[in-house]
Amino acid sequence: MDKEVRTYEYKPSKTWWLGNRRYALYMVRELSGFAVALYGFIFLAQLFTLTQGPIAYESLLRVLLSPAGILLSAILLVFAVFHSLTWFDLTAKVQPPSMRGKPVPRKLVVTGTIMIWLFISYFVAVFIFRVG
Amino acid sequence: MASQKTIKIRVKRYIPEKAEEPFYSEYDVPYSEDMVVLDALNYIKDNLDGSLSFRWSCRMGVCGSCSANVDGKPKLTCSSFLKESKGDSILVEPLSHFRTIKDLVVEIDVFVKKLKSIKPWIIRNEEKPIADGEYLQTPEQRDLIKQTSMCINCMLCYEACPVFDMDNDFIGPAAAAISYRSVMDSRDDGAKERLDILTSKHGVWDCTYIGECSVVCPKAVDPALAIQKLKAMGGISIIKSLLPKKK
């Protein structure tokens, strides 16, 4: 009869993600998803208050334009930009495009998509500030 | 005469008959520019401490037996040169996502079971007679599976995968990459069967795309990409199965 072999199991550490730069970046990216979700929630709240009339909308705007509201927006913006940039990087990895049967270099794909993003963002910003 | 230059090799040991917990042993090994970590381990085994246990076979990055953590990074010890080390010592530890049997030797049953579960052989609806010859492929068909065919089952990708560390039931990078190879193989008819396995519980959906598996692969396989492609294929396969079947 086979003798049972005693083995040793290493337990996963709670700080596993601090030992490797890529793991840490991954965790920050996942956390930044909460910031993007919160951004979306604030936007939905704005739309909701719009349906409730000018008083409700103005009171939400006062909160958002307070120093704390602006600080929150700035923090959320940093995380949202980080999330977007890493999203472009990941997309290039997950769906590597090819041209005439040859893969397009990843750097070119990432740079190209970020340029398109900035280009569209510029026109959106111009539209908002002109209309606003 | 100048004395021979040496390097300190620090090995994480586990000897169940000797101690409950792992411990470290240090060895001074003669150093030369062309030595790899596996050479140092073999020097220790032959000259300093015969009780040191580790797996190895080909010494040329093909068999995938000599995987370990070298200075904290999952590597093949036969492909890690001593000169690559930045300090004056090198730390060698077993793969920590697998149970240790002794020293650097880990229990690989958990991986072998996964490998078997994805049926890493050609599945045919109908086998043709041997007399009809082999199943042929065009170079283009071969190119589709070339990269994932390079997997040597070294399990370094499992060591790099925090999801596997948290949940040993996760199918994991290598089994998924090998499965992708089979699904894309022009000679294979088992795509649906495989996708059903891969999209079940503990399948490819558990991957959160950290991507470190592809970084550590010594054969430049990209298991992370293979898993994302399998997710897309699996999703389409699930949708197709929900649609009414043609009469």
# chains A, B, ... in the order shown; residues from 1 in each chain; ligands from 1
call {"tool": "select_by_dssp", "arguments": {"residues": "range 43-235 of chain B", "states": "strand (DSSP E)", "output": "MDAnalysis selection string"}}
result
chainID B and resid 67:70 73:76 89:93 100:102 105:106
call {"tool": "residues_around", "arguments": {"residues": "range 86-94 of chain A", "least_positions_apart": "3", "cutoff": "12 Å", "atoms": "only C-alpha atoms", "output": "ChimeraX atom specification"}}
result
/A:22,25-30,32-33,79-83,97-98,103-117 /B:208-211,214,222-232
call {"tool": "write_last_selection", "arguments": {"atoms": "C-alpha atoms", "output": "compact mmCIF listing (two decimals), in the first residue's frame"}}
result
# COMPACT_ATOMS: atom_id res chain seq x y z
CA ARG A 22 2.29 44.59 -12.69
CA LEU A 25 -1.03 48.17 -11.40
CA TYR A 26 -3.69 45.53 -11.96
CA MET A 27 -5.14 46.17 -8.50
CA VAL A 28 -5.14 49.95 -9.02
CA ARG A 29 -6.85 49.43 -12.37
CA GLU A 30 -9.54 47.23 -10.83
CA SER A 32 -10.28 52.58 -10.60
CA GLY A 33 -13.37 50.78 -11.93
CA PHE A 79 -8.78 57.36 -11.83
CA ALA A 80 -11.07 57.53 -14.87
CA VAL A 81 -8.19 58.67 -17.11
CA PHE A 82 -5.96 55.91 -15.70
CA HIS A 83 -8.73 53.35 -16.29
CA PRO A 97 -5.29 43.69 -35.07
CA SER A 98 -3.43 42.49 -38.12
CA PRO A 103 0.23 41.80 -36.66
CA VAL A 104 0.20 45.57 -36.14
CA PRO A 105 2.75 46.58 -33.43
CA ARG A 106 1.00 47.02 -30.08
CA LYS A 107 2.54 50.43 -29.42
CA LEU A 108 1.09 51.69 -32.70
CA VAL A 109 -2.38 50.36 -31.82
CA VAL A 110 -2.30 51.88 -28.32
CA THR A 111 -1.00 55.26 -29.55
CA GLY A 112 -3.48 55.30 -32.44
CA THR A 113 -6.52 54.54 -30.27
CA ILE A 114 -5.46 57.10 -27.64
CA MET A 115 -5.07 59.74 -30.38
CA ILE A 116 -8.59 58.96 -31.69
CA TRP A 117 -9.89 59.16 -28.09
CA THR B 208 -9.46 38.42 -14.61
CA TYR B 209 -6.77 39.15 -17.21
CA ILE B 210 -3.86 40.08 -15.02
CA GLY B 211 -1.65 38.86 -17.87
CA SER B 214 2.13 35.51 -20.62
CA ASP B 222 0.42 34.01 -24.72
CA PRO B 223 -2.05 32.08 -22.51
CA ALA B 224 -3.77 35.31 -21.41
CA LEU B 225 -4.70 36.10 -25.02
CA ALA B 226 -5.77 32.50 -25.66
CA ILE B 227 -8.13 32.69 -22.67
CA GLN B 228 -9.71 35.95 -23.90
CA LYS B 229 -10.26 34.40 -27.33
CA LEU B 230 -11.80 31.33 -25.70
CA LYS B 231 -14.13 33.63 -23.74
CA ALA B 232 -15.33 35.15 -27.02
call {"tool": "interface_residues", "arguments": {"of": "chain A", "to": "chain B", "cutoff": "6 Å", "atoms": "only C-alpha atoms", "output": "number ranges by chain"}}
result
A: 7-10, 94
call {"tool": "write_last_selection", "arguments": {"atoms": "C-alpha atoms", "output": "mmCIF file, in the first residue's frame"}}
result
data_model
loop_
_atom_site.group_PDB
_atom_site.id
_atom_site.type_symbol
_atom_site.label_atom_id
_atom_site.label_comp_id
_atom_site.auth_asym_id
_atom_site.auth_seq_id
_atom_site.Cartn_x
_atom_site.Cartn_y
_atom_site.Cartn_z
ATOM 1 C CA THR A 7 3.119 17.910 1.678
ATOM 2 C CA TYR A 8 3.448 21.578 2.574
ATOM 3 C CA GLU A 9 0.991 24.192 1.364
ATOM 4 C CA TYR A 10 1.981 27.836 1.079
ATOM 5 C CA VAL A 94 -6.844 41.187 -26.196
#
call {"tool": "residues_around", "arguments": {"residues": "Thr199 in chain B", "least_positions_apart": "5", "cutoff": "8 Å", "atoms": "only C-alpha atoms", "output": "number ranges by chain"}}
result
B: 204-205, 231, 234
call {"tool": "write_last_selection", "arguments": {"atoms": "C-alpha atoms", "output": "PDB file, in the first residue's frame"}}
result
ATOM      1  CA  VAL B 204     -12.055  30.651 -18.547  1.00  0.00           C
ATOM      2  CA  TRP B 205     -14.546  33.117 -17.030  1.00  0.00           C
ATOM      3  CA  LYS B 231     -14.125  33.625 -23.738  1.00  0.00           C
ATOM      4  CA  GLY B 234     -17.450  30.345 -25.538  1.00  0.00           C
TER       5      GLY B 234
END
call {"tool": "atom_distance", "arguments": {"atom1": "CA of Asp169 in chain B", "atom2": "CA of Lys114 in chain B"}}
result
8.6 Å
call {"tool": "residues_around", "arguments": {"residues": "Asp206 in chain B", "least_positions_apart": "4", "cutoff": "8 Å", "atoms": "only C-alpha atoms", "output": "tab-separated table (two decimals) with C-alpha atoms, in the first residue's frame"}}
result
chain	number	residue	atom	x	y	z
B	163	VAL	CA	-6.45	33.59	-9.49
B	170	PHE	CA	-9.51	27.35	-11.90
B	202	HIS	CA	-13.93	27.21	-12.86
call {"tool": "residues_around", "arguments": {"residues": "Thr148 in chain B", "least_positions_apart": "2", "cutoff": "10 Å", "atoms": "only C-alpha atoms", "output": "compact mmCIF listing (two decimals) with C-alpha atoms, in the first residue's frame"}}
result
# COMPACT_ATOMS: atom_id res chain seq x y z
CA ASP B 143 0.33 29.10 -38.12
CA LEU B 144 -2.94 29.44 -36.19
CA ILE B 145 -1.78 26.92 -33.58
CA LYS B 146 1.98 27.42 -33.76
CA MET B 150 5.03 25.70 -27.90
CA CYS B 151 3.71 25.12 -24.35
CA ILE B 152 6.01 22.77 -22.42
CA ALA B 174 -1.56 26.43 -19.69
CA ALA B 176 -6.57 26.89 -21.52
CA ALA B 177 -3.78 27.69 -24.00
CA ILE B 178 -3.43 24.02 -24.93
CA SER B 179 -7.18 23.81 -25.28
CA TYR B 180 -7.20 26.86 -27.57
CA ARG B 181 -4.60 25.10 -29.68
CA SER B 182 -6.92 22.08 -30.02
CA MET B 184 -8.11 26.03 -33.55
CA LYS B 219 8.37 29.77 -24.67
CA ALA B 220 6.61 33.07 -25.57
CA VAL B 221 3.17 31.49 -25.48
CA ASP B 222 0.42 34.01 -24.72
CA PRO B 223 -2.05 32.08 -22.51
CA ALA B 226 -5.77 32.50 -25.66
call {"tool": "closest_residue", "arguments": {"among": "B:Val36, B:Ala175, B:Ile122, B:Cys207", "to": "Cys154 in chain B", "atoms": "only C-alpha atoms"}}
result
B:Ala175
call {"tool": "residues_around", "arguments": {"residues": "Asn47 in chain B", "least_positions_apart": "5", "cutoff": "12 Å", "atoms": "only C-alpha atoms", "output": "PyMOL selection string"}}
result
chain B and resi 27-30+39-42+52
call {"tool": "write_last_selection", "arguments": {"atoms": "N, CA and C atoms", "output": "short mmCIF file (atom, residue, chain, number, x, y, z; two decimals), in the first residue's frame"}}
result
data_model
loop_
_atom_site.label_atom_id
_atom_site.label_comp_id
_atom_site.auth_asym_id
_atom_site.auth_seq_id
_atom_site.Cartn_x
_atom_site.Cartn_y
_atom_site.Cartn_z
N TYR B 27 24.50 27.68 0.36
CA TYR B 27 25.65 26.94 -0.18
C TYR B 27 26.53 27.90 -0.98
N ASP B 28 27.83 27.77 -0.84
CA ASP B 28 28.76 28.53 -1.67
C ASP B 28 29.16 27.66 -2.85
N VAL B 29 28.85 28.16 -4.03
CA VAL B 29 29.05 27.37 -5.25
C VAL B 29 30.05 28.08 -6.15
N PRO B 30 31.01 27.34 -6.75
CA PRO B 30 31.95 27.98 -7.70
C PRO B 30 31.17 28.65 -8.83
N ASP B 39 22.71 24.28 -12.92
CA ASP B 39 24.10 23.79 -12.76
C ASP B 39 24.52 23.93 -11.29
N ALA B 40 24.14 25.07 -10.70
CA ALA B 40 24.50 25.30 -9.29
C ALA B 40 23.82 24.27 -8.39
N LEU B 41 22.54 23.99 -8.67
CA LEU B 41 21.81 23.00 -7.86
C LEU B 41 22.45 21.62 -8.00
N ASN B 42 22.84 21.29 -9.23
CA ASN B 42 23.48 19.99 -9.44
C ASN B 42 24.84 19.92 -8.75
N LEU B 52 19.50 17.46 -1.13
CA LEU B 52 18.72 18.48 -1.83
C LEU B 52 17.94 17.84 -2.99
#
call {"tool": "decode", "arguments": {"residues": "range 199-228 of chain B", "atoms": "N, CA and C atoms", "output": "PDB file, in the first residue's frame"}}
result
ATOM      1  N   THR B 199     -16.089  26.667 -20.615  1.00  0.00           N
ATOM      2  CA  THR B 199     -17.016  27.714 -20.179  1.00  0.00           C
ATOM      3  C   THR B 199     -17.870  27.260 -18.988  1.00  0.00           C
ATOM      4  N   SER B 200     -17.544  26.106 -18.436  1.00  0.00           N
ATOM      5  CA  SER B 200     -18.272  25.653 -17.250  1.00  0.00           C
ATOM      6  C   SER B 200     -17.665  26.308 -16.001  1.00  0.00           C
ATOM      7  N   LYS B 201     -18.139  25.922 -14.819  1.00  0.00           N
ATOM      8  CA  LYS B 201     -17.636  26.488 -13.563  1.00  0.00           C
ATOM      9  C   LYS B 201     -16.122  26.270 -13.463  1.00  0.00           C
ATOM     10  N   HIS B 202     -15.394  27.230 -12.984  1.00  0.00           N
ATOM     11  CA  HIS B 202     -13.928  27.212 -12.862  1.00  0.00           C
ATOM     12  C   HIS B 202     -13.228  27.246 -14.211  1.00  0.00           C
ATOM     13  N   GLY B 203     -13.972  27.587 -15.261  1.00  0.00           N
ATOM     14  CA  GLY B 203     -13.380  27.672 -16.599  1.00  0.00           C
ATOM     15  C   GLY B 203     -12.778  29.037 -16.869  1.00  0.00           C
ATOM     16  N   VAL B 204     -12.757  29.421 -18.145  1.00  0.00           N
ATOM     17  CA  VAL B 204     -12.055  30.651 -18.547  1.00  0.00           C
ATOM     18  C   VAL B 204     -12.649  31.928 -17.960  1.00  0.00           C
ATOM     19  N   TRP B 205     -13.935  31.881 -17.558  1.00  0.00           N
ATOM     20  CA  TRP B 205     -14.546  33.117 -17.030  1.00  0.00           C
ATOM     21  C   TRP B 205     -13.864  33.582 -15.751  1.00  0.00           C
ATOM     22  N   ASP B 206     -13.220  32.669 -15.038  1.00  0.00           N
ATOM     23  CA  ASP B 206     -12.558  33.054 -13.780  1.00  0.00           C
ATOM     24  C   ASP B 206     -11.323  33.926 -14.005  1.00  0.00           C
ATOM     25  N   CYS B 207     -10.813  33.923 -15.246  1.00  0.00           N
ATOM     26  CA  CYS B 207      -9.607  34.728 -15.533  1.00  0.00           C
ATOM     27  C   CYS B 207      -9.965  36.205 -15.485  1.00  0.00           C
ATOM     28  N   THR B 208      -9.196  36.975 -14.714  1.00  0.00           N
ATOM     29  CA  THR B 208      -9.459  38.415 -14.607  1.00  0.00           C
ATOM     30  C   THR B 208      -8.464  39.221 -15.449  1.00  0.00           C
ATOM     31  N   TYR B 209      -7.737  38.556 -16.276  1.00  0.00           N
ATOM     32  CA  TYR B 209      -6.770  39.154 -17.209  1.00  0.00           C
ATOM     33  C   TYR B 209      -5.725  40.026 -16.514  1.00  0.00           C
ATOM     34  N   ILE B 210      -5.012  39.410 -15.637  1.00  0.00           N
ATOM     35  CA  ILE B 210      -3.860  40.080 -15.021  1.00  0.00           C
ATOM     36  C   ILE B 210      -2.696  40.043 -16.018  1.00  0.00           C
ATOM     37  N   GLY B 211      -2.587  38.932 -16.745  1.00  0.00           N
ATOM     38  CA  GLY B 211      -1.649  38.864 -17.867  1.00  0.00           C
ATOM     39  C   GLY B 211      -0.244  38.424 -17.519  1.00  0.00           C
ATOM     40  N   GLU B 212       0.033  38.174 -16.229  1.00  0.00           N
ATOM     41  CA  GLU B 212       1.397  37.817 -15.832  1.00  0.00           C
ATOM     42  C   GLU B 212       1.795  36.440 -16.374  1.00  0.00           C
ATOM     43  N   CYS B 213       0.812  35.578 -16.637  1.00  0.00           N
ATOM     44  CA  CYS B 213       1.111  34.240 -17.188  1.00  0.00           C
ATOM     45  C   CYS B 213       1.883  34.365 -18.500  1.00  0.00           C
ATOM     46  N   SER B 214       1.472  35.329 -19.322  1.00  0.00           N
ATOM     47  CA  SER B 214       2.134  35.513 -20.621  1.00  0.00           C
ATOM     48  C   SER B 214       3.523  36.120 -20.456  1.00  0.00           C
ATOM     49  N   VAL B 215       3.685  36.926 -19.401  1.00  0.00           N
ATOM     50  CA  VAL B 215       4.991  37.577 -19.166  1.00  0.00           C
ATOM     51  C   VAL B 215       6.041  36.531 -18.779  1.00  0.00           C
ATOM     52  N   VAL B 216       5.665  35.570 -17.934  1.00  0.00           N
ATOM     53  CA  VAL B 216       6.665  34.622 -17.413  1.00  0.00           C
ATOM     54  C   VAL B 216       6.897  33.422 -18.330  1.00  0.00           C
ATOM     55  N   CYS B 217       6.043  33.241 -19.346  1.00  0.00           N
ATOM     56  CA  CYS B 217       6.175  32.036 -20.184  1.00  0.00           C
ATOM     57  C   CYS B 217       7.546  31.986 -20.868  1.00  0.00           C
ATOM     58  N   PRO B 218       8.326  30.913 -20.640  1.00  0.00           N
ATOM     59  CA  PRO B 218       9.669  30.846 -21.238  1.00  0.00           C
ATOM     60  C   PRO B 218       9.640  30.511 -22.728  1.00  0.00           C
ATOM     61  N   LYS B 219       8.468  30.149 -23.258  1.00  0.00           N
ATOM     62  CA  LYS B 219       8.366  29.770 -24.668  1.00  0.00           C
ATOM     63  C   LYS B 219       7.551  30.791 -25.472  1.00  0.00           C
ATOM     64  N   ALA B 220       7.340  31.974 -24.899  1.00  0.00           N
ATOM     65  CA  ALA B 220       6.614  33.068 -25.570  1.00  0.00           C
ATOM     66  C   ALA B 220       5.198  32.694 -26.008  1.00  0.00           C
ATOM     67  N   VAL B 221       4.590  31.764 -25.261  1.00  0.00           N
ATOM     68  CA  VAL B 221       3.167  31.487 -25.483  1.00  0.00           C
ATOM     69  C   VAL B 221       2.397  32.630 -24.815  1.00  0.00           C
ATOM     70  N   ASP B 222       1.217  32.945 -25.312  1.00  0.00           N
ATOM     71  CA  ASP B 222       0.416  34.009 -24.718  1.00  0.00           C
ATOM     72  C   ASP B 222      -0.896  33.413 -24.188  1.00  0.00           C
ATOM     73  N   PRO B 223      -0.830  32.719 -23.030  1.00  0.00           N
ATOM     74  CA  PRO B 223      -2.048  32.083 -22.515  1.00  0.00           C
ATOM     75  C   PRO B 223      -3.152  33.087 -22.210  1.00  0.00           C
ATOM     76  N   ALA B 224      -2.768  34.299 -21.761  1.00  0.00           N
ATOM     77  CA  ALA B 224      -3.774  35.311 -21.411  1.00  0.00           C
ATOM     78  C   ALA B 224      -4.622  35.646 -22.637  1.00  0.00           C
ATOM     79  N   LEU B 225      -3.970  35.801 -23.774  1.00  0.00           N
ATOM     80  CA  LEU B 225      -4.703  36.103 -25.017  1.00  0.00           C
ATOM     81  C   LEU B 225      -5.574  34.913 -25.429  1.00  0.00           C
ATOM     82  N   ALA B 226      -5.009  33.710 -25.304  1.00  0.00           N
ATOM     83  CA  ALA B 226      -5.769  32.499 -25.664  1.00  0.00           C
ATOM     84  C   ALA B 226      -7.051  32.420 -24.841  1.00  0.00           C
ATOM     85  N   ILE B 227      -6.951  32.754 -23.541  1.00  0.00           N
ATOM     86  CA  ILE B 227      -8.131  32.692 -22.669  1.00  0.00           C
ATOM     87  C   ILE B 227      -9.181  33.718 -23.110  1.00  0.00           C
ATOM     88  N   GLN B 228      -8.730  34.925 -23.473  1.00  0.00           N
ATOM     89  CA  GLN B 228      -9.708  35.952 -23.897  1.00  0.00           C
ATOM     90  C   GLN B 228     -10.402  35.516 -25.185  1.00  0.00           C
TER      91      GLN B 228
END
